[in-house]
>>> print(open('target_12.txt').read())   # compact mmCIF, C-alpha atoms
# COMPACT_ATOMS: atom_id res chain seq x y z
CA MET T 11 31.18 -79.11 4.36
CA ASN T 12 27.74 -80.16 5.67
CA TRP T 13 26.54 -79.54 9.17
CA ASP T 14 25.17 -82.46 11.24
CA TRP T 15 22.16 -80.54 12.52
CA ASP T 16 20.35 -83.65 13.76
CA LYS T 17 23.17 -84.65 16.15
CA LEU T 18 23.52 -81.05 17.37
CA LYS T 19 19.80 -80.78 18.02
CA ALA T 20 19.67 -84.11 19.85
CA LYS T 21 22.61 -83.07 22.01
CA GLN T 22 20.89 -79.77 22.90
CA GLU T 23 17.64 -81.54 23.77
CA ARG T 24 19.56 -83.94 25.97
CA LYS T 25 21.24 -81.09 27.78
CA GLU T 26 17.88 -79.37 28.28
CA GLY T 27 16.46 -82.52 29.76
CA GLU T 28 19.30 -82.69 32.18
CA GLY T 29 18.79 -79.28 33.69
CA GLY T 30 18.55 -76.40 31.15
CA PHE T 31 19.69 -75.06 27.81
CA VAL T 32 23.44 -75.02 27.11
CA PRO T 33 24.61 -72.92 24.15
CA PRO T 34 26.91 -74.48 21.58
CA ASP T 35 30.63 -73.88 21.69
CA ILE T 36 31.39 -70.58 19.93
CA ASN T 37 34.94 -71.54 19.06
CA LYS T 38 33.81 -74.65 17.22
CA ILE T 39 31.24 -72.67 15.25
CA MET T 40 33.86 -70.08 14.23
CA GLU T 41 36.23 -72.85 13.08
CA LYS T 42 33.49 -74.30 10.89
CA PHE T 43 32.83 -70.85 9.34
CA LYS T 44 36.51 -70.45 8.52
CA LYS T 45 36.44 -73.72 6.59
CA ILE T 46 33.68 -72.35 4.27
CA LYS T 47 35.16 -71.30 0.88
CA LEU T 48 34.22 -67.81 -0.36
CA PRO T 49 34.20 -66.63 -4.02
CA GLY T 50 37.37 -65.30 -5.52
CA GLY T 51 38.69 -61.74 -5.18
CA PRO T 52 37.90 -60.58 -8.77
CA ILE T 53 34.24 -61.40 -8.34
CA ILE T 54 34.03 -59.36 -5.13
CA LEU T 55 35.82 -56.45 -6.83
CA LEU T 56 33.38 -56.64 -9.75
CA ILE T 57 30.43 -56.59 -7.35
CA PHE T 58 31.82 -53.50 -5.60
CA ILE T 59 32.37 -51.77 -8.94
CA LEU T 60 28.80 -52.50 -10.04
CA LEU T 61 27.43 -51.18 -6.76
CA PHE T 62 29.55 -48.04 -7.06
CA PHE T 63 28.44 -47.32 -10.63
CA SER T 64 24.76 -47.98 -9.85
CA THR T 65 24.76 -45.61 -6.86
CA SER T 66 26.85 -42.82 -8.44
CA THR T 67 25.40 -42.73 -11.95
CA PHE T 68 21.66 -42.73 -11.24
CA TYR T 69 20.04 -40.11 -9.02
CA THR T 70 16.56 -38.79 -8.32
CA VAL T 71 15.50 -35.14 -8.36
CA ALA T 72 12.45 -34.19 -6.24
CA VAL T 73 9.49 -32.29 -7.67
CA ASP T 74 10.43 -29.04 -5.91
CA GLU T 75 14.06 -28.96 -7.05
CA VAL T 76 16.40 -29.27 -10.03
CA GLY T 77 19.79 -30.89 -10.40
CA VAL T 78 22.84 -28.86 -11.47
CA VAL T 79 25.45 -31.15 -13.06
CA GLN T 80 29.17 -30.30 -13.14
CA ARG T 81 31.74 -32.23 -15.16
CA PHE T 82 35.20 -31.89 -13.68
CA GLY T 83 33.91 -28.79 -11.87
CA LYS T 84 32.45 -27.10 -14.95
CA TYR T 85 28.70 -26.57 -15.33
CA VAL T 86 27.25 -28.69 -18.16
CA ARG T 87 23.46 -28.94 -17.69
CA THR T 88 20.43 -28.68 -15.43
CA THR T 89 18.24 -31.74 -14.94
CA GLN T 90 14.53 -31.72 -14.16
CA PRO T 91 12.61 -33.70 -11.49
CA GLY T 92 12.62 -37.47 -11.84
CA LEU T 93 15.20 -40.23 -12.37
CA ASN T 94 18.34 -38.97 -14.14
CA PHE T 95 21.72 -40.35 -15.28
CA LYS T 96 25.18 -38.90 -14.97
CA PHE T 97 28.76 -40.06 -15.19
CA PRO T 98 30.23 -41.64 -12.04
CA SER T 99 31.49 -39.59 -9.13
CA GLY T 100 34.84 -38.01 -9.85
CA ILE T 101 33.71 -37.17 -13.39
CA GLU T 102 30.34 -35.52 -12.84
CA LYS T 103 28.84 -34.07 -9.71
CA VAL T 104 25.19 -33.11 -9.14
CA THR T 105 23.97 -30.39 -6.79
CA LYS T 106 20.27 -30.28 -6.00
CA VAL T 107 18.71 -26.82 -5.70
CA LYS T 108 15.18 -26.28 -4.38
CA VAL T 109 13.59 -23.81 -6.81
CA ARG T 110 10.04 -23.91 -5.44
CA ARG T 111 10.78 -23.43 -1.76
CA VAL T 112 10.18 -19.94 -0.36
CA TYR T 113 13.07 -18.88 1.86
CA LYS T 114 12.77 -16.22 4.53
CA GLU T 115 15.11 -13.70 6.14
CA GLU T 116 14.10 -11.67 9.20
CA PHE T 117 15.51 -8.24 9.99
CA GLY T 118 15.29 -6.52 13.36
CA PHE T 119 13.62 -9.42 15.13
CA ARG T 120 13.59 -13.21 15.26
CA THR T 121 10.71 -15.67 15.42
CA VAL T 122 10.61 -18.00 18.40
CA ARG T 123 8.55 -21.17 17.95
CA ARG T 124 7.03 -22.95 20.93
CA ASP T 125 4.99 -26.01 19.96
CA VAL T 126 2.46 -24.61 17.47
CA GLN T 127 2.61 -20.98 18.60
CA THR T 128 5.10 -18.47 17.29
CA ARG T 129 6.04 -15.06 18.60
CA ALA T 130 8.39 -12.33 17.48
CA VAL T 131 11.28 -11.27 19.70
CA SER T 132 13.11 -8.01 19.06
CA GLY T 133 16.83 -8.15 18.52
CA GLY T 134 18.24 -11.36 17.13
CA GLU T 135 21.30 -11.79 15.01
CA ASN T 136 21.28 -8.20 13.70
CA LYS T 137 19.65 -6.32 16.57
CA ASN T 138 20.61 -2.87 15.25
CA VAL T 139 19.65 -3.46 11.62
CA SER T 140 16.14 -2.04 12.16
CA LEU T 141 17.42 1.24 13.66
CA MET T 142 17.13 3.75 10.80
CA LEU T 143 17.26 7.49 10.19
CA THR T 144 14.22 8.94 8.41
CA GLY T 145 14.13 11.83 5.97
CA ASP T 146 13.07 14.33 8.65
CA LEU T 147 16.05 13.32 10.87
CA ASN T 148 14.06 11.11 13.25
CA VAL T 149 15.08 7.63 14.39
CA ALA T 150 12.72 4.71 13.76
CA LEU T 151 12.70 0.97 14.41
CA VAL T 152 11.76 -0.69 11.12
CA PRO T 153 11.61 -4.52 11.27
CA TRP T 154 10.78 -6.45 8.10
CA ILE T 155 10.80 -9.87 6.44
CA VAL T 156 12.15 -10.78 2.99
CA GLN T 157 10.75 -13.86 1.24
CA TYR T 158 12.52 -15.12 -1.87
CA ARG T 159 12.93 -18.04 -4.27
CA ILE T 160 15.80 -19.31 -6.39
CA LYS T 161 14.85 -18.58 -10.00
CA ASP T 162 18.20 -19.34 -11.72
CA PRO T 163 20.15 -22.23 -10.13
CA TYR T 164 23.22 -21.64 -12.33
CA LYS T 165 23.62 -18.01 -11.22
CA PHE T 166 22.75 -18.90 -7.65
CA LEU T 167 25.54 -21.47 -7.43
CA PHE T 168 28.30 -19.96 -9.55
CA LYS T 169 27.88 -16.17 -9.89
CA VAL T 170 27.89 -15.13 -6.23
CA HIS T 171 30.05 -16.59 -3.47
CA ASP T 172 27.61 -16.04 -0.57
CA ASN T 173 24.07 -15.39 -1.76
CA ARG T 174 22.58 -15.14 1.73
CA ARG T 175 25.07 -12.49 2.85
CA LEU T 176 24.49 -10.56 -0.37
CA LEU T 177 20.73 -10.69 0.18
CA ILE T 178 21.04 -9.49 3.77
CA ASP T 179 23.34 -6.59 2.87
CA MET T 180 21.32 -5.50 -0.18
CA SER T 181 18.03 -5.75 1.70
CA GLU T 182 19.32 -3.52 4.47
CA ALA T 183 20.70 -1.02 1.95
CA ALA T 184 17.43 -0.93 -0.01
CA MET T 185 15.32 -0.44 3.12
CA ARG T 186 17.54 2.35 4.43
CA LEU T 187 17.41 4.05 1.03
CA VAL T 188 13.60 4.01 0.94
CA VAL T 189 13.10 4.97 4.60
CA GLY T 190 15.63 7.79 4.29
CA ASP T 191 13.39 9.53 1.74
CA ARG T 192 10.33 9.63 4.02
CA SER T 193 9.26 11.30 7.24
CA ILE T 194 8.68 9.40 10.45
CA ASN T 195 4.89 9.67 10.06
CA GLU T 196 5.07 8.20 6.54
CA VAL T 197 7.29 5.38 7.76
CA ILE T 198 4.72 4.49 10.43
CA SER T 199 1.55 4.94 8.36
CA LYS T 200 2.63 3.89 4.83
CA ARG T 201 4.30 0.54 5.47
CA GLU T 202 2.78 -1.19 2.45
CA GLU T 203 4.00 1.52 0.08
CA ILE T 204 7.51 1.34 1.57
CA ALA T 205 7.50 -2.47 1.28
CA ILE T 206 6.61 -2.36 -2.43
CA GLU T 207 9.24 0.26 -3.26
CA SER T 208 11.98 -1.48 -1.25
CA ARG T 209 11.16 -4.79 -2.98
CA ASN T 210 11.60 -3.16 -6.39
CA VAL T 211 14.92 -1.61 -5.34
CA LEU T 212 16.16 -4.89 -3.84
CA GLN T 213 15.15 -6.94 -6.91
CA ALA T 214 17.00 -4.52 -9.20
CA GLU T 215 20.16 -4.87 -7.11
CA MET T 216 19.94 -8.68 -6.99
CA ASP T 217 19.46 -8.83 -10.77
CA ARG T 218 22.42 -6.50 -11.26
CA ALA T 219 24.56 -8.84 -9.12
CA GLU T 220 23.32 -11.91 -11.10
CA SER T 221 22.37 -13.67 -7.89
CA GLY T 222 19.63 -15.83 -9.45
CA ILE T 223 17.23 -14.84 -6.63
CA ASN T 224 13.65 -13.66 -7.11
CA ILE T 225 12.21 -11.51 -4.30
CA VAL T 226 8.69 -12.77 -3.67
CA THR T 227 7.63 -10.13 -1.17
CA ILE T 228 8.79 -7.82 1.61
CA GLU T 229 6.56 -7.68 4.67
CA MET T 230 6.84 -4.70 7.01
CA LYS T 231 6.27 -5.37 10.68
CA LYS T 232 5.06 -2.82 13.25
CA THR T 233 7.17 0.33 12.95
CA ASN T 234 7.88 2.40 16.03
CA VAL T 235 10.43 4.71 17.60
CA PRO T 236 13.11 3.69 20.12
CA GLY T 237 12.03 3.36 23.75
CA PRO T 238 13.98 6.34 25.17
CA VAL T 239 12.29 8.79 22.78
CA GLN T 240 8.81 7.21 22.92
CA PRO T 241 7.35 9.75 25.45
CA SER T 242 8.63 12.71 23.47
CA PHE T 243 7.34 11.21 20.27
CA ASN T 244 3.91 10.70 21.83
CA GLU T 245 3.85 14.35 22.90
CA VAL T 246 4.74 15.42 19.38
CA ASN T 247 1.97 13.24 18.01
CA GLN T 248 -0.53 14.74 20.44
CA ALA T 249 0.54 18.24 19.46
CA THR T 250 0.26 17.32 15.80
CA GLN T 251 -3.22 15.89 16.35
CA GLU T 252 -4.28 19.03 18.23
CA LYS T 253 -2.91 21.14 15.39
CA GLU T 254 -4.81 19.11 12.83
CA LYS T 255 -7.97 19.39 14.96
CA LEU T 256 -7.69 23.19 15.08
CA ILE T 257 -7.01 23.33 11.35
CA TYR T 258 -10.05 21.14 10.72
CA GLN T 259 -12.25 23.39 12.88
CA ALA T 260 -10.92 26.50 11.11
CA LYS T 261 -11.64 24.92 7.74
CA GLU T 262 -15.12 24.00 8.92
CA ASP T 263 -15.81 27.61 9.98
CA TYR T 264 -14.30 28.81 6.73
CA ASN T 265 -16.54 26.50 4.74
CA LYS T 266 -19.56 27.83 6.59
CA ALA T 267 -18.74 31.56 6.42
CA ILE T 268 -17.26 31.87 2.95
CA PRO T 269 -20.14 30.28 1.01
CA ALA T 270 -22.65 32.44 2.96
CA ALA T 271 -20.65 35.59 2.20
CA ARG T 272 -20.31 34.57 -1.42
CA GLY T 273 -24.07 33.95 -1.63
CA GLU T 274 -24.83 37.34 -0.08
CA ALA T 275 -22.39 39.05 -2.44
CA GLU T 276 -23.90 37.22 -5.40
CA ARG T 277 -27.40 38.26 -4.31
CA THR T 278 -26.34 41.90 -3.92
CA ILE T 279 -24.66 41.86 -7.33
CA LYS T 280 -27.76 40.35 -8.95
CA ALA T 281 -30.00 42.96 -7.25
CA ALA T 282 -27.73 45.78 -8.45
CA GLU T 283 -27.69 44.36 -11.92
CA GLY T 284 -31.52 44.13 -11.88
CA TYR T 285 -31.86 47.70 -10.61
CA ALA T 286 -29.42 48.95 -13.25
CA LEU T 287 -31.32 47.09 -15.96
CA ASP T 288 -34.61 48.54 -14.71
CA ARG T 289 -33.23 52.09 -14.70
CA VAL T 290 -31.80 51.70 -18.16
CA ASN T 291 -35.05 50.29 -19.51
CA ARG T 292 -37.05 53.09 -17.86
CA ALA T 293 -34.70 55.69 -19.32
CA LYS T 294 -34.98 54.12 -22.73
CA GLY T 295 -38.78 54.05 -22.40
CA ASP T 296 -38.90 57.73 -21.34
CA ALA T 297 -36.62 58.66 -24.21
CA SER T 298 -38.79 56.75 -26.67
CA ARG T 299 -41.96 58.37 -25.30
CA PHE T 300 -40.36 61.80 -25.48
CA LYS T 301 -39.37 61.16 -29.08
CA ALA T 302 -42.93 60.10 -29.87
CA PHE T 303 -44.32 63.24 -28.19
CA TYR T 304 -41.88 65.38 -30.07
CA ALA T 305 -42.87 63.78 -33.38
CA GLU T 306 -46.56 64.49 -32.64
CA TYR T 307 -45.70 68.00 -31.44
CA ALA T 308 -43.83 68.70 -34.66
CA LYS T 309 -46.92 67.68 -36.66
CA ALA T 310 -49.46 69.74 -34.66
CA LYS T 311 -47.93 72.02 -32.10
CA ASP T 312 -51.12 73.66 -30.72
CA VAL T 313 -53.09 70.47 -30.44
CA THR T 314 -50.22 68.60 -28.87
CA LYS T 315 -49.42 71.41 -26.46
CA ARG T 316 -53.03 71.58 -25.34
CA ARG T 317 -53.24 67.79 -24.96
CA LEU T 318 -50.07 67.73 -22.88
CA TYR T 319 -51.41 70.57 -20.74
CA LEU T 320 -54.68 68.77 -20.13
CA GLU T 321 -52.99 65.50 -19.35
CA SER T 322 -50.72 67.25 -16.88
CA LEU T 323 -53.72 68.85 -15.15
CA LYS T 324 -55.45 65.47 -15.09
CA ASP T 325 -52.55 64.05 -13.19
CA LEU T 326 -52.08 67.10 -10.96
CA LEU T 327 -55.60 68.08 -9.90
CA PRO T 328 -56.46 64.88 -8.01
CA LYS T 329 -53.46 65.50 -5.81
CA LEU T 330 -54.46 69.06 -4.79
CA GLY T 331 -57.42 68.19 -2.55
CA ASP T 332 -60.45 70.57 -2.41
CA LYS T 333 -60.66 73.13 -5.18
CA TYR T 334 -62.64 76.40 -5.17
CA ILE T 335 -63.55 78.31 -8.30
CA VAL T 336 -64.23 82.01 -7.55
CA ASP T 337 -65.89 84.40 -9.88
CA ALA T 338 -63.65 87.20 -10.95
CA ASP T 339 -66.36 89.77 -10.06
CA GLN T 340 -66.73 88.48 -6.49
CA LYS T 341 -65.64 91.20 -4.05
CA ASN T 342 -66.27 89.66 -0.66
CA LEU T 343 -64.67 86.35 0.14
CA LEU T 344 -66.01 85.96 3.68
CA PRO T 345 -69.01 83.82 2.76
CA LEU T 346 -66.57 81.34 1.26
CA LEU T 347 -64.54 80.77 4.39
CA ASN T 348 -66.84 78.12 5.84
CA LEU T 349 -67.55 76.20 2.67
CA GLY T 350 -65.50 73.27 3.74
CA LYS T 351 -67.39 72.92 7.06
CA GLN T 352 -70.88 72.75 5.65
CA ASN T 353 -72.95 69.65 6.27
CA GLY T 354 -70.41 68.41 8.83
CA ALA T 355 -67.69 68.19 6.21
CA LYS T 356 -64.22 67.47 7.50
CA LYS T 357 -61.10 69.09 6.35
>>> encode(input="target_12.txt", output="structure tokens")
Amino acid sequence: MNWDWDKLKAKQERKEGEGGFVPPDINKIMEKFKKIKLPGGPIILLIFILLFFSTSTFYTVAVDEVGVVQRFGKYVRTTQPGLNFKFPSGIEKVTKVKVRRVYKEEFGFRTVRRDVQTRAVSGGENKNVSLMLTGDLNVALVPWIVQYRIKDPYKFLFKVHDNRRLLIDMSEAAMRLVVGDRSINEVISKREEIAIESRNVLQAEMDRAESGINIVTIEMKKTNVPGPVQPSFNEVNQATQEKEKLIYQAKEDYNKAIPAARGEAERTIKAAEGYALDRVNRAKGDASRFKAFYAEYAKAKDVTKRRLYLESLKDLLPKLGDKYIVDADQKNLLPLLNLGKQNGAKK
């Protein structure tokens, strides 16, 4: 049926000229639409079937994910990024898993985002998870962050019922295990070492559970002690620092005194060794000289005896001072008493 658009338009223009626009009769328009003949039912059904197959058999996988295909609920394959084909819904089902996204779990605090600024707030979903007992029986607040990726989509989807709950429980267990082997001072000062060791422990547990999760890193936040024991802990730290200061001063004095004493002892030992060597060499020289004298004495006793006598007098006489030789026939010694005072001589 054709529409007489010219008559309708002329009628509308006439109405406008008379005083405004008058819309056409809605009931008449609906009756005309009902008289239009639509295609048959089989064609419409075929169109719906084609649309259903086109939308349920072709799918697109993004560059940061993979598609896990199940056929009647059973895993059959993993598809890579791009356009892929599968059997219609009801036969095969695809689940898209983001394997390049880095997921994050926070423990002992939660991040609050306001516009572009973020801040950490203590507490959160598990407010007591960061409260831990250290190896020296102290209590510490140990907040941390776990970042992870999905490395095996098949294990991630089918091996573990709740991967997130498993990760949370295993992460807490691993952190408590590592912190429980260290003192409170190590927990505060060696956060990077604790993070590395807890990551290794957590990764081993996740692999053992076949979770398909790869732990990228564990980041330790600021570690502290609970508020009620903070003053006491500060006093202990001050006492520890004072102790270390005194120990350092004692070591400094030790390092000054001990090397000096060792040097003095070494010098005394070297002097004694030199004196002993000198005495031994002198004794050996005297013994060798005596042996030489004895050999000469054995060859010519009178000559050697006289030579030794003269040499002894040569050494002795200069030490005696003034010497007076008196004739054996001299009877009066008085003239000799003033010999040393003649010519202003001094004793």
>>> closest_atom_pairs(input="target_12.txt", of="stretch 213-311 of chain T", to="stretch 316-336 of chain T", cutoff="12 Å", atoms="only C-alpha atoms", output="CSV")
residue,atom,partner,partner_atom,distance
T:Phe300,CA,T:Leu318,CA,11.7
T:Phe303,CA,T:Leu318,CA,9.0
T:Tyr304,CA,T:Leu318,CA,11.1
T:Glu306,CA,T:Arg317,CA,10.7
T:Tyr307,CA,T:Leu318,CA,9.6
T:Ala310,CA,T:Arg316,CA,10.1
T:Lys311,CA,T:Arg316,CA,8.5
>>> atom_distance(input="target_12.txt", atom1="atom CA of T:Asp296", atom2="atom CA of T:Arg277")
28.3 Å
>>> residues_around(input="target_12.txt", residues="T:Ala219", least_positions_apart="3", cutoff="9 Å", atoms="all atoms listed in the file", output="PyMOL selection string")
chain T and resi 169-170+176+214-216+222
>>> atom_distance(input="target_12.txt", atom1="atom CA of T:Tyr113", atom2="atom CA of T:Ala183")
19.4 Å
>>> residues_around(input="target_12.txt", residues="T:Glu202", least_positions_apart="3", cutoff="8 Å", atoms="only C-alpha atoms", output="number ranges by chain")
T: 205-206, 229-230
>>> atom_distance(input="target_12.txt", atom1="atom CA of T:Val149", atom2="atom CA of T:Lys231")
16.1 Å
>>> residues_around(input="target_12.txt", residues="stretch 185-190 of chain T", least_positions_apart="5", cutoff="8 Å", atoms="all atoms listed in the file", output="PyMOL selection string")
chain T and resi 142-145+197+204+207-208
>>> closest_residue(input="target_12.txt", among="T:Pro91, T:Pro236, T:Tyr158, T:Glu203", to="T:Asn138", atoms="only C-alpha atoms")
T:Pro236
>>> residues_around(input="target_12.txt", residues="T:Gln213", least_positions_apart="4", cutoff="7 Å", atoms="all atoms listed in the file", output="ChimeraX atom specification")
/T:209,217,224-225
>>> build_atoms(input="target_12.txt", residues="stretch 274-298 of chain T", atoms="N, CA and C atoms", output="PDB file, in the frame of the given file")
ATOM      1  N   GLU T 274     -24.334  35.984  -0.305  1.00  0.00           N
ATOM      2  CA  GLU T 274     -24.830  37.340  -0.080  1.00  0.00           C
ATOM      3  C   GLU T 274     -24.271  38.314  -1.122  1.00  0.00           C
ATOM      4  N   ALA T 275     -22.993  38.181  -1.431  1.00  0.00           N
ATOM      5  CA  ALA T 275     -22.390  39.050  -2.440  1.00  0.00           C
ATOM      6  C   ALA T 275     -23.028  38.805  -3.813  1.00  0.00           C
ATOM      7  N   GLU T 276     -23.266  37.536  -4.116  1.00  0.00           N
ATOM      8  CA  GLU T 276     -23.900  37.220  -5.400  1.00  0.00           C
ATOM      9  C   GLU T 276     -25.321  37.795  -5.470  1.00  0.00           C
ATOM     10  N   ARG T 277     -26.043  37.706  -4.330  1.00  0.00           N
ATOM     11  CA  ARG T 277     -27.400  38.260  -4.310  1.00  0.00           C
ATOM     12  C   ARG T 277     -27.381  39.776  -4.480  1.00  0.00           C
ATOM     13  N   THR T 278     -26.441  40.447  -3.791  1.00  0.00           N
ATOM     14  CA  THR T 278     -26.340  41.900  -3.920  1.00  0.00           C
ATOM     15  C   THR T 278     -25.982  42.301  -5.352  1.00  0.00           C
ATOM     16  N   ILE T 279     -25.057  41.553  -5.942  1.00  0.00           N
ATOM     17  CA  ILE T 279     -24.660  41.860  -7.330  1.00  0.00           C
ATOM     18  C   ILE T 279     -25.845  41.670  -8.279  1.00  0.00           C
ATOM     19  N   LYS T 280     -26.605  40.581  -8.081  1.00  0.00           N
ATOM     20  CA  LYS T 280     -27.760  40.350  -8.950  1.00  0.00           C
ATOM     21  C   LYS T 280     -28.811  41.440  -8.768  1.00  0.00           C
ATOM     22  N   ALA T 281     -29.032  41.887  -7.498  1.00  0.00           N
ATOM     23  CA  ALA T 281     -30.000  42.960  -7.250  1.00  0.00           C
ATOM     24  C   ALA T 281     -29.540  44.262  -7.917  1.00  0.00           C
ATOM     25  N   ALA T 282     -28.246  44.576  -7.797  1.00  0.00           N
ATOM     26  CA  ALA T 282     -27.730  45.780  -8.450  1.00  0.00           C
ATOM     27  C   ALA T 282     -27.851  45.695  -9.960  1.00  0.00           C
ATOM     28  N   GLU T 283     -27.556  44.518 -10.473  1.00  0.00           N
ATOM     29  CA  GLU T 283     -27.690  44.360 -11.920  1.00  0.00           C
ATOM     30  C   GLU T 283     -29.152  44.512 -12.362  1.00  0.00           C
ATOM     31  N   GLY T 284     -30.099  43.968 -11.547  1.00  0.00           N
ATOM     32  CA  GLY T 284     -31.520  44.130 -11.880  1.00  0.00           C
ATOM     33  C   GLY T 284     -31.962  45.579 -11.802  1.00  0.00           C
ATOM     34  N   TYR T 285     -31.505  46.276 -10.741  1.00  0.00           N
ATOM     35  CA  TYR T 285     -31.860  47.700 -10.610  1.00  0.00           C
ATOM     36  C   TYR T 285     -31.289  48.511 -11.773  1.00  0.00           C
ATOM     37  N   ALA T 286     -30.027  48.236 -12.131  1.00  0.00           N
ATOM     38  CA  ALA T 286     -29.420  48.950 -13.250  1.00  0.00           C
ATOM     39  C   ALA T 286     -30.181  48.683 -14.547  1.00  0.00           C
ATOM     40  N   LEU T 287     -30.580  47.410 -14.745  1.00  0.00           N
ATOM     41  CA  LEU T 287     -31.320  47.090 -15.960  1.00  0.00           C
ATOM     42  C   LEU T 287     -32.681  47.785 -15.985  1.00  0.00           C
ATOM     43  N   ASP T 288     -33.318  47.855 -14.784  1.00  0.00           N
ATOM     44  CA  ASP T 288     -34.610  48.540 -14.710  1.00  0.00           C
ATOM     45  C   ASP T 288     -34.459  50.030 -15.017  1.00  0.00           C
ATOM     46  N   ARG T 289     -33.443  50.662 -14.453  1.00  0.00           N
ATOM     47  CA  ARG T 289     -33.230  52.090 -14.700  1.00  0.00           C
ATOM     48  C   ARG T 289     -32.913  52.356 -16.172  1.00  0.00           C
ATOM     49  N   VAL T 290     -32.128  51.506 -16.743  1.00  0.00           N
ATOM     50  CA  VAL T 290     -31.800  51.700 -18.160  1.00  0.00           C
ATOM     51  C   VAL T 290     -33.041  51.524 -19.026  1.00  0.00           C
ATOM     52  N   ASN T 291     -33.840  50.517 -18.703  1.00  0.00           N
ATOM     53  CA  ASN T 291     -35.050  50.290 -19.510  1.00  0.00           C
ATOM     54  C   ASN T 291     -36.048  51.450 -19.345  1.00  0.00           C
ATOM     55  N   ARG T 292     -36.164  51.944 -18.092  1.00  0.00           N
ATOM     56  CA  ARG T 292     -37.050  53.090 -17.860  1.00  0.00           C
ATOM     57  C   ARG T 292     -36.567  54.322 -18.633  1.00  0.00           C
ATOM     58  N   ALA T 293     -35.244  54.528 -18.592  1.00  0.00           N
ATOM     59  CA  ALA T 293     -34.700  55.690 -19.320  1.00  0.00           C
ATOM     60  C   ALA T 293     -34.935  55.545 -20.822  1.00  0.00           C
ATOM     61  N   LYS T 294     -34.733  54.337 -21.302  1.00  0.00           N
ATOM     62  CA  LYS T 294     -34.980  54.120 -22.730  1.00  0.00           C
ATOM     63  C   LYS T 294     -36.456  54.313 -23.069  1.00  0.00           C
ATOM     64  N   GLY T 295     -37.341  53.854 -22.164  1.00  0.00           N
ATOM     65  CA  GLY T 295     -38.780  54.050 -22.400  1.00  0.00           C
ATOM     66  C   GLY T 295     -39.158  55.520 -22.389  1.00  0.00           C
ATOM     67  N   ASP T 296     -38.615  56.284 -21.390  1.00  0.00           N
ATOM     68  CA  ASP T 296     -38.900  57.730 -21.340  1.00  0.00           C
ATOM     69  C   ASP T 296     -38.370  58.433 -22.572  1.00  0.00           C
ATOM     70  N   ALA T 297     -37.172  58.030 -23.001  1.00  0.00           N
ATOM     71  CA  ALA T 297     -36.620  58.660 -24.210  1.00  0.00           C
ATOM     72  C   ALA T 297     -37.467  58.340 -25.430  1.00  0.00           C
ATOM     73  N   SER T 298     -37.951  57.120 -25.519  1.00  0.00           N
ATOM     74  CA  SER T 298     -38.790  56.750 -26.670  1.00  0.00           C
ATOM     75  C   SER T 298     -40.120  57.497 -26.630  1.00  0.00           C
TER      76      SER T 298
END
